[in-house]
>>> print(open('target-v7.txt').read())   # compact mmCIF, C-alpha atoms and all ligand atoms
# COMPACT_ATOMS: atom_id res chain seq x y z
CA MET A 116 120.83 111.73 61.90
CA PRO A 117 121.17 114.53 64.43
CA SER A 118 119.04 114.45 67.48
CA GLN A 119 118.31 116.83 70.28
CA ILE A 120 116.97 117.04 73.76
CA THR A 121 114.72 119.62 75.27
CA ASN A 122 113.91 120.66 78.75
CA TYR A 123 110.81 122.61 79.53
CA GLN A 124 111.70 125.87 81.24
CA CYS A 125 109.51 127.90 83.51
CA PRO A 126 108.28 130.95 81.53
CA ALA A 127 108.55 133.02 84.72
CA CYS A 128 112.05 132.15 85.96
CA THR A 129 113.52 129.67 83.39
CA GLY A 130 113.81 127.00 86.11
CA PRO A 131 113.18 123.39 85.04
CA LEU A 132 109.54 122.24 84.95
CA HIS A 133 108.40 118.80 86.17
CA PHE A 134 105.09 117.13 85.46
CA VAL A 135 103.37 116.56 88.82
CA GLY A 136 100.83 113.75 88.93
CA SER A 137 98.75 114.93 91.87
CA SER A 138 98.01 118.31 90.26
CA GLY A 139 98.25 117.11 86.64
CA ARG A 140 100.30 120.25 85.93
CA LEU A 141 103.87 121.23 85.14
CA GLU A 142 105.39 122.85 88.20
CA CYS A 143 108.50 124.93 88.83
CA GLU A 144 110.42 124.06 92.00
CA TYR A 145 112.19 127.39 92.00
CA CYS A 146 109.44 130.00 91.89
CA GLY A 147 106.41 127.81 92.54
CA SER A 148 104.65 128.70 89.27
CA SER A 149 102.55 125.98 87.66
CA TYR A 150 101.21 125.56 84.13
CA SER A 151 98.68 123.31 82.47
CA VAL A 152 99.89 120.84 79.85
CA GLN A 153 98.00 122.83 77.20
CA GLU A 154 99.76 126.07 78.15
CA ILE A 155 103.20 124.48 77.87
CA GLU A 156 102.24 122.69 74.67
CA ALA A 157 101.20 126.00 73.12
CA LEU A 158 104.39 127.67 74.30
CA TYR A 159 106.61 124.93 72.95
CA ALA A 160 104.64 124.07 69.82
CA ASP A 161 106.77 126.29 67.60
CA LYS A 162 110.01 125.12 69.14
CA GLU A 163 109.00 121.48 68.86
CA GLU A 164 107.93 121.78 65.30
CA ALA A 165 111.28 123.31 64.51
CA ALA A 166 112.97 120.56 66.50
CA GLU A 167 111.08 117.91 64.64
CA GLN A 168 112.04 119.30 61.28
CA ALA A 169 115.60 119.77 62.36
CA GLY A 170 115.66 116.26 63.73
CA VAL A 171 114.41 114.74 60.50
CA GLN A 172 116.18 116.82 57.92
CA ALA A 173 119.14 118.30 59.79
CA GLN A 174 118.22 121.77 58.67
CA SER A 175 120.02 125.04 59.00
CA ALA A 176 121.96 125.96 62.10
CA GLU A 177 119.46 128.72 62.78
CA ALA A 178 116.49 126.41 62.94
CA ALA A 179 118.55 124.04 65.00
CA GLN A 180 119.31 126.70 67.52
CA ALA A 181 115.70 127.77 67.71
CA ALA A 182 114.86 124.20 68.50
CA GLU A 183 117.51 123.92 71.18
CA GLU A 184 119.26 121.44 69.04
CA TYR A 185 122.03 119.40 70.57
CA SER A 186 123.93 117.01 68.42
CA PHE A 187 124.69 113.50 69.45
CA GLN A 188 127.08 110.98 68.22
CA GLN A 189 126.47 107.28 68.20
CA GLY A 190 128.45 105.82 71.10
CA ALA A 191 129.65 102.29 71.70
CA ASP A 192 127.12 99.58 72.68
CA GLY A 193 124.24 101.34 70.94
CA LEU A 194 124.40 104.21 73.43
CA LYS A 195 123.52 107.70 72.31
CA VAL A 196 125.30 110.68 73.74
CA TYR A 197 123.34 113.89 74.25
CA SER A 198 124.45 117.07 75.91
CA CYS A 199 122.31 118.50 78.69
CA PRO A 200 120.72 121.83 77.66
CA SER A 201 121.08 123.09 81.25
CA CYS A 202 124.62 122.23 82.27
CA GLY A 203 126.25 120.86 79.12
CA ALA A 204 127.15 117.51 80.68
CA GLU A 205 127.14 114.48 78.38
CA LEU A 206 124.23 112.13 78.90
CA PHE A 207 124.55 108.52 77.82
CA CYS A 208 121.19 107.04 76.90
CA ASP A 209 120.32 103.74 75.35
CA GLU A 210 118.54 103.59 72.01
CA THR A 211 115.06 103.43 73.52
CA THR A 212 115.41 106.36 75.95
CA ALA A 213 112.92 109.14 75.26
CA ALA A 214 112.94 111.04 78.53
CA THR A 215 115.42 111.06 81.36
CA SER A 216 117.06 113.45 83.78
CA CYS A 217 120.59 114.77 83.86
CA PRO A 218 122.62 112.93 86.54
CA TYR A 219 124.74 116.08 87.09
CA CYS A 220 122.22 118.89 87.39
CA GLY A 221 119.07 116.81 87.90
CA ASN A 222 117.13 118.68 85.23
CA PRO A 223 114.49 116.68 83.40
CA THR A 224 115.08 116.26 79.68
CA VAL A 225 112.99 114.91 76.81
CA VAL A 226 114.15 113.59 73.44
CA PRO A 227 111.30 114.63 71.10
CA SER A 228 112.89 113.09 68.00
CA GLN A 229 112.33 109.65 69.58
CA PHE A 230 108.62 110.21 68.90
CA HIS A 231 108.74 110.81 65.16
CA GLY A 232 106.17 109.37 62.78
CA GLN A 233 105.36 105.75 63.54
CA ARG A 234 106.98 106.00 66.93
CA LYS A 235 104.68 108.72 68.18
CA PRO A 236 102.43 107.28 70.91
CA ASP A 237 98.67 107.68 70.48
CA PHE A 238 98.10 108.10 74.19
CA VAL A 239 99.79 108.74 77.49
CA LEU A 240 98.40 107.82 80.89
CA PRO A 241 99.84 110.55 83.15
CA PHE A 242 101.38 109.67 86.50
CA LYS A 243 98.92 110.24 89.34
CA LEU A 244 101.01 109.09 92.29
CA ASP A 245 104.19 110.97 93.06
CA LYS A 246 107.55 109.80 94.32
CA ALA A 247 106.63 110.36 97.98
CA ALA A 248 103.69 107.97 97.54
CA ALA A 249 105.95 105.40 95.87
CA VAL A 250 108.58 105.66 98.64
CA ALA A 251 105.90 105.32 101.33
CA ALA A 252 104.38 102.28 99.58
CA LEU A 253 107.79 100.66 99.25
CA LYS A 254 108.64 101.22 102.92
CA ASN A 255 105.29 99.80 103.91
CA TYR A 256 105.95 96.78 101.69
CA TYR A 257 109.27 96.19 103.45
CA LYS A 258 107.82 96.72 106.92
CA GLY A 259 107.86 93.67 109.16
CA LYS A 260 110.10 91.75 106.75
CA LYS A 261 112.94 91.41 109.27
CA LEU A 262 114.92 89.00 107.14
CA LEU A 263 115.29 91.39 104.25
CA PRO A 264 118.92 92.25 103.41
CA ARG A 265 119.89 95.83 104.16
CA ALA A 266 120.65 96.46 100.48
CA PHE A 267 116.88 96.78 100.03
CA THR A 268 115.88 98.91 102.97
CA ASP A 269 118.70 101.46 102.86
CA GLN A 270 117.12 104.92 102.66
CA ASN A 271 119.52 106.12 99.95
CA HIS A 272 118.64 103.13 97.83
CA ILE A 273 114.89 103.60 98.30
CA GLU A 274 115.28 107.21 97.13
CA GLU A 275 116.52 105.85 93.78
CA ILE A 276 113.00 104.74 92.85
CA ARG A 277 112.18 106.16 89.41
CA GLY A 278 108.98 106.90 87.57
CA VAL A 279 109.05 105.30 84.12
CA TYR A 280 106.61 105.72 81.26
CA VAL A 281 106.60 102.17 79.87
CA PRO A 282 105.63 101.69 76.21
CA PHE A 283 102.53 99.50 75.86
CA TRP A 284 100.44 98.29 72.96
CA LEU A 285 96.69 98.35 73.56
CA PHE A 286 94.77 95.98 71.32
CA ASP A 287 91.13 96.11 70.25
CA GLY A 288 89.62 93.17 68.45
CA ARG A 289 86.82 90.63 68.12
CA VAL A 290 87.24 86.99 69.04
CA SER A 291 85.01 84.50 67.28
CA ALA A 292 84.64 81.20 69.05
CA ASP A 293 82.92 77.95 68.17
CA ILE A 294 83.32 75.14 70.69
CA ARG A 295 81.71 71.69 70.76
CA TYR A 296 81.51 69.65 73.92
CA ALA A 297 80.50 66.08 74.76
CA ALA A 298 78.33 66.29 77.86
CA THR A 299 76.51 63.82 80.06
CA ARG A 300 73.71 63.83 82.60
CA VAL A 301 73.37 60.93 84.98
CA ARG A 302 70.22 59.73 86.79
CA SER A 303 70.00 56.84 89.25
CA PHE A 304 66.84 55.24 90.57
CA THR A 305 65.61 52.01 92.09
CA SER A 306 63.13 49.84 90.26
CA GLY A 307 62.04 46.76 92.18
CA LYS A 308 65.24 45.05 93.25
CA TYR A 309 67.31 46.81 90.61
CA ARG A 310 69.35 49.97 90.94
CA ILE A 311 69.31 51.63 87.53
CA THR A 312 71.77 54.27 86.36
CA GLU A 313 70.79 56.13 83.24
CA THR A 314 73.33 58.27 81.38
CA ASP A 315 72.15 60.73 78.74
CA HIS A 316 74.70 62.01 76.22
CA PHE A 317 74.51 65.53 74.77
CA ASP A 318 76.18 67.23 71.90
CA VAL A 319 76.71 70.75 73.30
CA ARG A 320 77.77 73.66 71.15
CA ARG A 321 78.64 77.24 72.07
CA ALA A 322 79.41 79.80 69.39
CA GLY A 323 79.61 83.56 69.39
CA THR A 324 81.80 86.63 69.30
CA LEU A 325 83.40 88.63 72.09
CA ASP A 326 84.66 92.17 71.68
CA PHE A 327 87.81 93.21 73.50
CA ARG A 328 89.02 96.71 74.03
CA ARG A 329 92.45 97.81 75.20
CA ILE A 330 94.12 94.50 75.94
CA PRO A 331 97.56 95.66 77.11
CA ALA A 332 100.92 94.10 76.23
CA ASP A 333 104.13 95.93 77.03
CA GLY A 334 106.35 96.93 74.13
CA SER A 335 109.64 96.95 76.01
CA LYS A 336 112.14 94.11 75.93
CA LYS A 337 113.73 95.10 79.19
CA MET A 338 110.48 94.94 81.16
CA PRO A 339 109.57 91.45 82.41
CA ASP A 340 106.20 90.55 80.84
CA PRO A 341 104.66 88.77 83.86
CA MET A 342 105.49 91.77 86.05
CA MET A 343 103.94 94.24 83.60
CA ASP A 344 100.84 92.01 83.35
CA SER A 345 100.53 91.96 87.14
CA LEU A 346 100.39 95.75 87.30
CA GLU A 347 96.99 95.72 85.63
CA PRO A 348 94.37 96.99 85.65
CA PHE A 349 94.97 100.53 84.47
CA ASP A 350 92.00 102.86 84.13
CA TYR A 351 92.10 103.72 80.43
CA GLY A 352 89.35 106.30 80.93
CA GLU A 353 92.16 108.66 81.91
CA LEU A 354 94.23 108.23 78.75
CA LYS A 355 95.26 111.54 77.20
CA PRO A 356 96.30 112.29 73.64
CA PHE A 357 100.08 112.00 73.66
CA SER A 358 102.17 115.04 74.51
CA THR A 359 105.80 115.22 75.59
CA ALA A 360 104.69 117.77 78.21
CA TYR A 361 103.66 114.86 80.48
CA LEU A 362 107.22 113.48 80.49
CA PRO A 363 109.57 115.93 82.24
CA GLY A 364 110.70 114.50 85.57
CA PHE A 365 110.20 110.89 84.50
CA LEU A 366 112.04 108.33 82.44
CA ALA A 367 110.39 107.29 79.21
CA ASP A 368 111.26 104.60 76.71
CA ILE A 369 110.09 104.03 73.19
CA TYR A 370 108.99 100.53 72.16
CA ASP A 371 111.42 97.92 70.91
CA VAL A 372 108.79 95.18 70.58
CA SER A 373 106.61 95.78 67.51
CA ALA A 374 102.81 95.71 67.59
CA ASP A 375 102.83 92.45 65.61
CA GLU A 376 105.20 90.79 68.05
CA ALA A 377 103.20 91.98 71.06
CA ALA A 378 99.90 90.98 69.41
CA GLU A 379 100.70 87.30 69.83
CA ARG A 380 100.47 87.63 73.60
CA ALA A 381 97.34 89.78 73.48
CA VAL A 382 95.54 87.43 71.07
CA ARG A 383 96.40 84.44 73.23
CA ARG A 384 94.96 86.23 76.25
CA ALA A 385 91.76 87.22 74.46
CA CYS A 386 91.27 83.67 73.16
CA SER A 387 91.79 82.02 76.53
CA THR A 388 89.41 84.52 78.16
CA SER A 389 86.82 83.71 75.48
CA ILE A 390 87.20 79.96 76.05
CA ALA A 391 86.74 80.48 79.80
CA GLU A 392 83.60 82.58 79.14
CA MET A 393 82.15 79.85 76.90
CA ASN A 394 83.03 77.11 79.38
CA ALA A 395 81.30 79.04 82.15
CA THR A 396 77.96 78.69 80.32
CA THR A 397 78.03 74.90 80.20
CA GLY A 398 76.87 74.18 83.75
CA GLY A 399 74.19 71.67 84.61
CA TYR A 400 75.90 68.60 83.22
CA ALA A 401 77.58 65.77 85.11
CA SER A 402 80.50 66.08 82.72
CA CYS A 403 81.28 68.37 79.82
CA THR A 404 84.46 67.94 77.78
CA PRO A 405 85.44 70.03 74.77
CA VAL A 406 85.84 67.88 71.66
CA SER A 407 86.60 70.55 69.12
CA GLN A 408 87.19 74.26 69.23
CA ARG A 409 87.83 77.05 66.78
CA VAL A 410 88.75 80.26 68.59
CA GLU A 411 90.41 83.11 66.77
CA MET A 412 90.91 86.87 66.67
CA PRO A 413 91.44 87.40 62.95
CA ARG A 414 91.83 91.17 63.07
CA PHE A 415 92.89 93.70 65.64
CA THR A 416 93.90 97.30 65.89
CA ALA A 417 96.79 98.44 68.05
CA HIS A 418 97.23 101.74 69.85
CA TYR A 419 100.56 102.81 71.23
CA ALA A 420 100.47 104.26 74.76
CA LEU A 421 102.89 105.18 77.53
CA LEU A 422 101.77 103.91 80.94
CA PRO A 423 103.10 105.10 84.33
CA VAL A 424 105.15 102.72 86.53
CA TRP A 425 107.34 103.41 89.56
CA MET A 426 110.33 101.06 89.56
CA LEU A 427 113.27 100.14 91.74
CA ALA A 428 115.85 97.49 90.91
CA THR A 429 118.01 96.09 93.70
CA ARG A 430 121.14 94.03 93.04
CA TRP A 431 121.77 91.46 95.70
CA ASN A 432 123.95 88.32 95.53
CA ASP A 433 124.34 88.66 91.74
CA LYS A 434 120.60 88.75 91.20
CA THR A 435 118.36 91.70 90.34
CA TYR A 436 115.13 92.09 92.27
CA LEU A 437 112.51 94.39 90.82
CA PHE A 438 109.87 96.33 92.65
CA ALA A 439 107.16 98.06 90.67
CA MET A 440 104.09 100.11 91.44
CA ASN A 441 101.29 101.12 89.11
CA GLY A 442 101.75 104.91 88.90
CA GLN A 443 98.02 105.42 88.51
CA THR A 444 96.40 103.01 90.99
CA GLY A 445 99.23 102.22 93.44
CA LYS A 446 99.05 98.46 92.90
CA LEU A 447 102.37 96.90 94.03
CA ILE A 448 104.39 93.94 92.92
CA GLY A 449 107.85 92.74 93.76
CA ASP A 450 109.94 89.77 94.73
CA LEU A 451 112.21 89.70 97.73
CA PRO A 452 114.95 87.36 98.88
CA VAL A 453 115.69 86.27 102.43
CA SER A 454 119.14 87.05 103.76
CA MET A 455 120.48 83.84 105.33
CA GLY A 456 122.87 85.90 107.47
CA ARG A 457 119.94 87.74 109.00
CA TRP A 458 117.96 84.51 109.17
CA TRP A 459 120.61 82.89 111.37
CA ALA A 460 120.84 86.01 113.50
CA TRP A 461 117.09 85.87 113.92
CA PHE A 462 117.16 82.09 114.61
CA PHE A 463 119.78 82.37 117.32
CA GLY A 464 118.09 85.45 118.69
CA ILE A 465 115.04 83.27 119.36
CA ALA A 466 116.68 79.88 119.84
CA GLY A 467 119.33 81.16 122.26
CA PRO A 468 116.95 82.37 125.02
CA LEU A 469 114.66 79.38 124.39
CA ALA A 470 117.56 76.96 124.93
CA ALA A 471 118.46 78.82 128.12
CA VAL A 472 114.89 78.51 129.40
CA LEU A 473 114.84 74.79 128.58
CA ALA A 474 118.14 74.29 130.34
CA ALA A 475 116.78 76.13 133.38
CA ILE A 476 113.67 73.92 133.46
CA LEU A 477 115.73 70.75 133.13
CA PHE A 478 118.01 71.96 135.89
CA LEU A 479 115.08 72.55 138.23
CA MET A 480 113.50 69.14 137.62
ZN ZN A 501 109.78 129.29 87.87
ZN ZN A 502 122.63 118.84 83.30
>>> encode(input="target-v7.txt", output="structure tokens")
Amino acid sequence: MPSQITNYQCPACTGPLHFVGSSGRLECEYCGSSYSVQEIEALYADKEEAAEQAGVQAQSAEAAQAAEEYSFQQGADGLKVYSCPSCGAELFCDETTAATSCPYCGNPTVVPSQFHGQRKPDFVLPFKLDKAAAVAALKNYYKGKKLLPRAFTDQNHIEEIRGVYVPFWLFDGRVSADIRYAATRVRSFTSGKYRITETDHFDVRRAGTLDFRRIPADGSKKMPDPMMDSLEPFDYGELKPFSTAYLPGFLADIYDVSADEAAERAVRRACSTSIAEMNATTGGYASCTPVSQRVEMPRFTAHYALLPVWMLATRWNDKTYLFAMNGQTGKLIGDLPVSMGRWWAWFFGIAGPLAAVLAAILFLM
């Protein structure tokens, strides 16, 4: 199957366009023009339609050219090879890449055929925070961490932070729960010379349904699940109908975890939330232990969305450390090592003068 990549060119000067989160528009670095997503969509609608058809059916060379068609061949290790529409360099992408930028000319490119049919996202949550915000947040995160290896804080490395549209499944569904508890209430009182403790036993039952909307679970194998979960919450009020016009300037992947596979995690989350909600209503007893529970989400619907994440991976001592920032809210997560080399330098830096002071005191005594 042939495939192609597109870059969005400035209608005024043909320079490359980038989607800019702060303005929510596609901007040209060369002449400063900017365009709304709708304007670019309209401009490229014909081209994209042609591209789509060409991508699916490998149509005539004419249509292919109209669609800025660039052939690829399947490389080793599941890599796909595209040629950059701007400079002609060969781009190696893995099978899930849907948007990237050319390492030679820096121009943003999109692979529209990655979004055919079933693989077309329903929504995209556009980036709101730009690279400068991500770099500033990362520097602030590193600030004061004196023991951090230099591999992390090097300016050139920090500049490698990339905005990635991560594929997510958003689940809607209804949990029905029916939980029975054995509960007790205890009363003590004195009667004559006796101290009496009275225990009442209760059969407590809680049953009901809870509706969930947009429970997220990432659809990418290469993204660590706990990290993606920690980036929540996203404000889904700002979801837009999917368009590739939000992608130029960012990386984007298509899902490689199916909705059914991802649903397991989402259903488990919804069920444990429901159990916690039920448990929270059983106050007022001395003890309350669940004896039986039936909690299930028998049906759900899944929407496919691309969500914005700034990411930086740092290799250090044969381990990869990931830093990520929610591209909408700025929420940060990351794990950092401590460099023992710098730790010892720090230790002696403090311990050395301290030992000298102690020695001086002892000498004076
Ligand atoms: Zn321009
Ligand atoms: Zn290029």
>>> atom_distance(input="target-v7.txt", atom1="atom CA of Leu362 of chain A", atom2="atom CA of Asp340 of chain A")
23.0 Å
>>> closest_residue(input="target-v7.txt", among="A:Met426, A:Glu275, A:Gly232, A:Ala378", to="Pro218 of chain A", atoms="only C-alpha atoms")
A:Glu275
>>> closest_residue(input="target-v7.txt", among="A:Pro452, A:Gly259, A:Gly399, A:Pro282", to="Met343 of chain A", atoms="all atoms listed in the file")
A:Pro282
>>> residues_around(input="target-v7.txt", residues="Asp315 of chain A", least_positions_apart="5", cutoff="12 Å", atoms="all atoms listed in the file", output="JSON, numbers by chain")
{"A": [297, 298, 299, 300, 301, 302, 303, 400, 401, 402, 403]}
>>> residues_near_ligand(input="target-v7.txt", ligand="ligand ZN 501 (chain A)", cutoff="12 Å", atoms="only C-alpha atoms and all ligand atoms", output="list in words")
Tyr123, Gln124, Cys125, Pro126, Ala127, Cys128, Thr129, Gly130, Pro131, Leu132, His133, Leu141, Glu142, Cys143, Glu144, Tyr145, Cys146, Gly147, Ser148, Ser149 and Tyr150 of chain A
>>> write_last_selection(input="target-v7.txt", atoms="C-alpha atoms", output="JSON list (two decimals), in the frame of the given file")
[["chain", "number", "residue", "atom", "x", "y", "z"],
["A", 123, "TYR", "CA", 110.81, 122.61, 79.53],
["A", 124, "GLN", "CA", 111.70, 125.87, 81.24],
["A", 125, "CYS", "CA", 109.51, 127.90, 83.51],
["A", 126, "PRO", "CA", 108.28, 130.95, 81.53],
["A", 127, "ALA", "CA", 108.55, 133.02, 84.72],
["A", 128, "CYS", "CA", 112.05, 132.15, 85.96],
["A", 129, "THR", "CA", 113.52, 129.67, 83.39],
["A", 130, "GLY", "CA", 113.81, 127.00, 86.11],
["A", 131, "PRO", "CA", 113.18, 123.39, 85.04],
["A", 132, "LEU", "CA", 109.54, 122.24, 84.95],
["A", 133, "HIS", "CA", 108.40, 118.80, 86.17],
["A", 141, "LEU", "CA", 103.87, 121.23, 85.14],
["A", 142, "GLU", "CA", 105.39, 122.85, 88.20],
["A", 143, "CYS", "CA", 108.50, 124.93, 88.83],
["A", 144, "GLU", "CA", 110.42, 124.06, 92.00],
["A", 145, "TYR", "CA", 112.19, 127.39, 92.00],
["A", 146, "CYS", "CA", 109.44, 130.00, 91.89],
["A", 147, "GLY", "CA", 106.41, 127.81, 92.54],
["A", 148, "SER", "CA", 104.65, 128.70, 89.27],
["A", 149, "SER", "CA", 102.55, 125.98, 87.66],
["A", 150, "TYR", "CA", 101.21, 125.56, 84.13]]
>>> closest_residue(input="target-v7.txt", among="A:Ser407, A:Asn432, A:Thr121, A:Thr359", to="Arg321 of chain A", atoms="only C-alpha atoms")
A:Ser407
>>> residues_around(input="target-v7.txt", residues="Ala322 of chain A", least_positions_apart="2", cutoff="9 Å", atoms="all atoms listed in the file", output="VMD selection string")
chain A and resid 291 to 295 320 324 393
>>> closest_atom_pairs(input="target-v7.txt", of="chain A", to="ligand ZN 502 (chain A)", cutoff="9 Å", atoms="all atoms listed in the file", output="CSV")
residue,atom,partner,partner_atom,distance
A:Ser198,CA,A:ZN502,ZN,7.8
A:Cys199,CA,A:ZN502,ZN,4.6
A:Pro200,CA,A:ZN502,ZN,6.7
A:Ser201,CA,A:ZN502,ZN,5.0
A:Cys202,CA,A:ZN502,ZN,4.1
A:Gly203,CA,A:ZN502,ZN,5.9
A:Ala204,CA,A:ZN502,ZN,5.4
A:Glu205,CA,A:ZN502,ZN,8.0
A:Leu206,CA,A:ZN502,ZN,8.2
A:Ser216,CA,A:ZN502,ZN,7.8
A:Cys217,CA,A:ZN502,ZN,4.6
A:Pro218,CA,A:ZN502,ZN,6.7
A:Tyr219,CA,A:ZN502,ZN,5.1
A:Cys220,CA,A:ZN502,ZN,4.1
A:Gly221,CA,A:ZN502,ZN,6.2
A:Asn222,CA,A:ZN502,ZN,5.8
A:Pro223,CA,A:ZN502,ZN,8.4
A:Thr224,CA,A:ZN502,ZN,8.8
>>> decode(input="target-v7.txt", residues="segment 273-294 of chain A", atoms="N, CA and C atoms", output="PDB file, in the first residue's frame")
ATOM      1  N   ILE A 273      17.709  19.655  27.026  1.00  0.00           N
ATOM      2  CA  ILE A 273      16.386  20.187  27.387  1.00  0.00           C
ATOM      3  C   ILE A 273      15.636  20.651  26.137  1.00  0.00           C
ATOM      4  N   GLU A 274      16.382  21.208  25.180  1.00  0.00           N
ATOM      5  CA  GLU A 274      15.759  21.691  23.941  1.00  0.00           C
ATOM      6  C   GLU A 274      15.139  20.552  23.119  1.00  0.00           C
ATOM      7  N   GLU A 275      15.532  19.300  23.444  1.00  0.00           N
ATOM      8  CA  GLU A 275      14.983  18.166  22.691  1.00  0.00           C
ATOM      9  C   GLU A 275      13.574  17.777  23.133  1.00  0.00           C
ATOM     10  N   ILE A 276      13.015  18.486  24.087  1.00  0.00           N
ATOM     11  CA  ILE A 276      11.657  18.170  24.541  1.00  0.00           C
ATOM     12  C   ILE A 276      10.693  18.264  23.355  1.00  0.00           C
ATOM     13  N   ARG A 277       9.805  17.278  23.223  1.00  0.00           N
ATOM     14  CA  ARG A 277       8.927  17.221  22.056  1.00  0.00           C
ATOM     15  C   ARG A 277       7.464  17.171  22.475  1.00  0.00           C
ATOM     16  N   GLY A 278       6.652  17.829  21.694  1.00  0.00           N
ATOM     17  CA  GLY A 278       5.202  17.752  21.925  1.00  0.00           C
ATOM     18  C   GLY A 278       4.643  16.541  21.181  1.00  0.00           C
ATOM     19  N   VAL A 279       3.952  15.677  21.892  1.00  0.00           N
ATOM     20  CA  VAL A 279       3.428  14.445  21.293  1.00  0.00           C
ATOM     21  C   VAL A 279       1.919  14.390  21.482  1.00  0.00           C
ATOM     22  N   TYR A 280       1.199  14.136  20.405  1.00  0.00           N
ATOM     23  CA  TYR A 280      -0.227  13.813  20.548  1.00  0.00           C
ATOM     24  C   TYR A 280      -0.320  12.312  20.817  1.00  0.00           C
ATOM     25  N   VAL A 281      -0.698  11.967  22.048  1.00  0.00           N
ATOM     26  CA  VAL A 281      -0.747  10.560  22.463  1.00  0.00           C
ATOM     27  C   VAL A 281      -2.151  10.012  22.210  1.00  0.00           C
ATOM     28  N   PRO A 282      -2.252   8.827  21.581  1.00  0.00           N
ATOM     29  CA  PRO A 282      -3.583   8.259  21.344  1.00  0.00           C
ATOM     30  C   PRO A 282      -4.202   7.770  22.658  1.00  0.00           C
ATOM     31  N   PHE A 283      -5.420   8.170  22.902  1.00  0.00           N
ATOM     32  CA  PHE A 283      -6.152   7.754  24.110  1.00  0.00           C
ATOM     33  C   PHE A 283      -7.518   7.221  23.701  1.00  0.00           C
ATOM     34  N   TRP A 284      -8.016   6.293  24.490  1.00  0.00           N
ATOM     35  CA  TRP A 284      -9.419   5.884  24.401  1.00  0.00           C
ATOM     36  C   TRP A 284     -10.159   6.556  25.532  1.00  0.00           C
ATOM     37  N   LEU A 285     -11.324   7.113  25.229  1.00  0.00           N
ATOM     38  CA  LEU A 285     -12.154   7.732  26.270  1.00  0.00           C
ATOM     39  C   LEU A 285     -13.439   6.917  26.362  1.00  0.00           C
ATOM     40  N   PHE A 286     -13.685   6.371  27.535  1.00  0.00           N
ATOM     41  CA  PHE A 286     -14.815   5.447  27.697  1.00  0.00           C
ATOM     42  C   PHE A 286     -15.985   6.104  28.415  1.00  0.00           C
ATOM     43  N   ASP A 287     -17.185   5.841  27.920  1.00  0.00           N
ATOM     44  CA  ASP A 287     -18.418   6.234  28.601  1.00  0.00           C
ATOM     45  C   ASP A 287     -19.131   4.945  28.966  1.00  0.00           C
ATOM     46  N   GLY A 288     -19.712   4.907  30.146  1.00  0.00           N
ATOM     47  CA  GLY A 288     -20.448   3.689  30.495  1.00  0.00           C
ATOM     48  C   GLY A 288     -21.134   3.823  31.843  1.00  0.00           C
ATOM     49  N   ARG A 289     -21.970   2.832  32.146  1.00  0.00           N
ATOM     50  CA  ARG A 289     -22.733   2.848  33.402  1.00  0.00           C
ATOM     51  C   ARG A 289     -22.323   1.638  34.243  1.00  0.00           C
ATOM     52  N   VAL A 290     -21.929   1.934  35.480  1.00  0.00           N
ATOM     53  CA  VAL A 290     -21.581   0.848  36.399  1.00  0.00           C
ATOM     54  C   VAL A 290     -22.812   0.542  37.232  1.00  0.00           C
ATOM     55  N   SER A 291     -23.162  -0.744  37.339  1.00  0.00           N
ATOM     56  CA  SER A 291     -24.211  -1.088  38.291  1.00  0.00           C
ATOM     57  C   SER A 291     -23.563  -1.871  39.422  1.00  0.00           C
ATOM     58  N   ALA A 292     -23.920  -1.458  40.630  1.00  0.00           N
ATOM     59  CA  ALA A 292     -23.260  -2.011  41.811  1.00  0.00           C
ATOM     60  C   ALA A 292     -24.307  -2.456  42.830  1.00  0.00           C
ATOM     61  N   ASP A 293     -24.046  -3.558  43.463  1.00  0.00           N
ATOM     62  CA  ASP A 293     -24.916  -4.089  44.507  1.00  0.00           C
ATOM     63  C   ASP A 293     -24.002  -4.716  45.560  1.00  0.00           C
ATOM     64  N   ILE A 294     -23.906  -4.030  46.705  1.00  0.00           N
ATOM     65  CA  ILE A 294     -22.942  -4.490  47.718  1.00  0.00           C
ATOM     66  C   ILE A 294     -23.676  -4.710  49.047  1.00  0.00           C
TER      67      ILE A 294
END
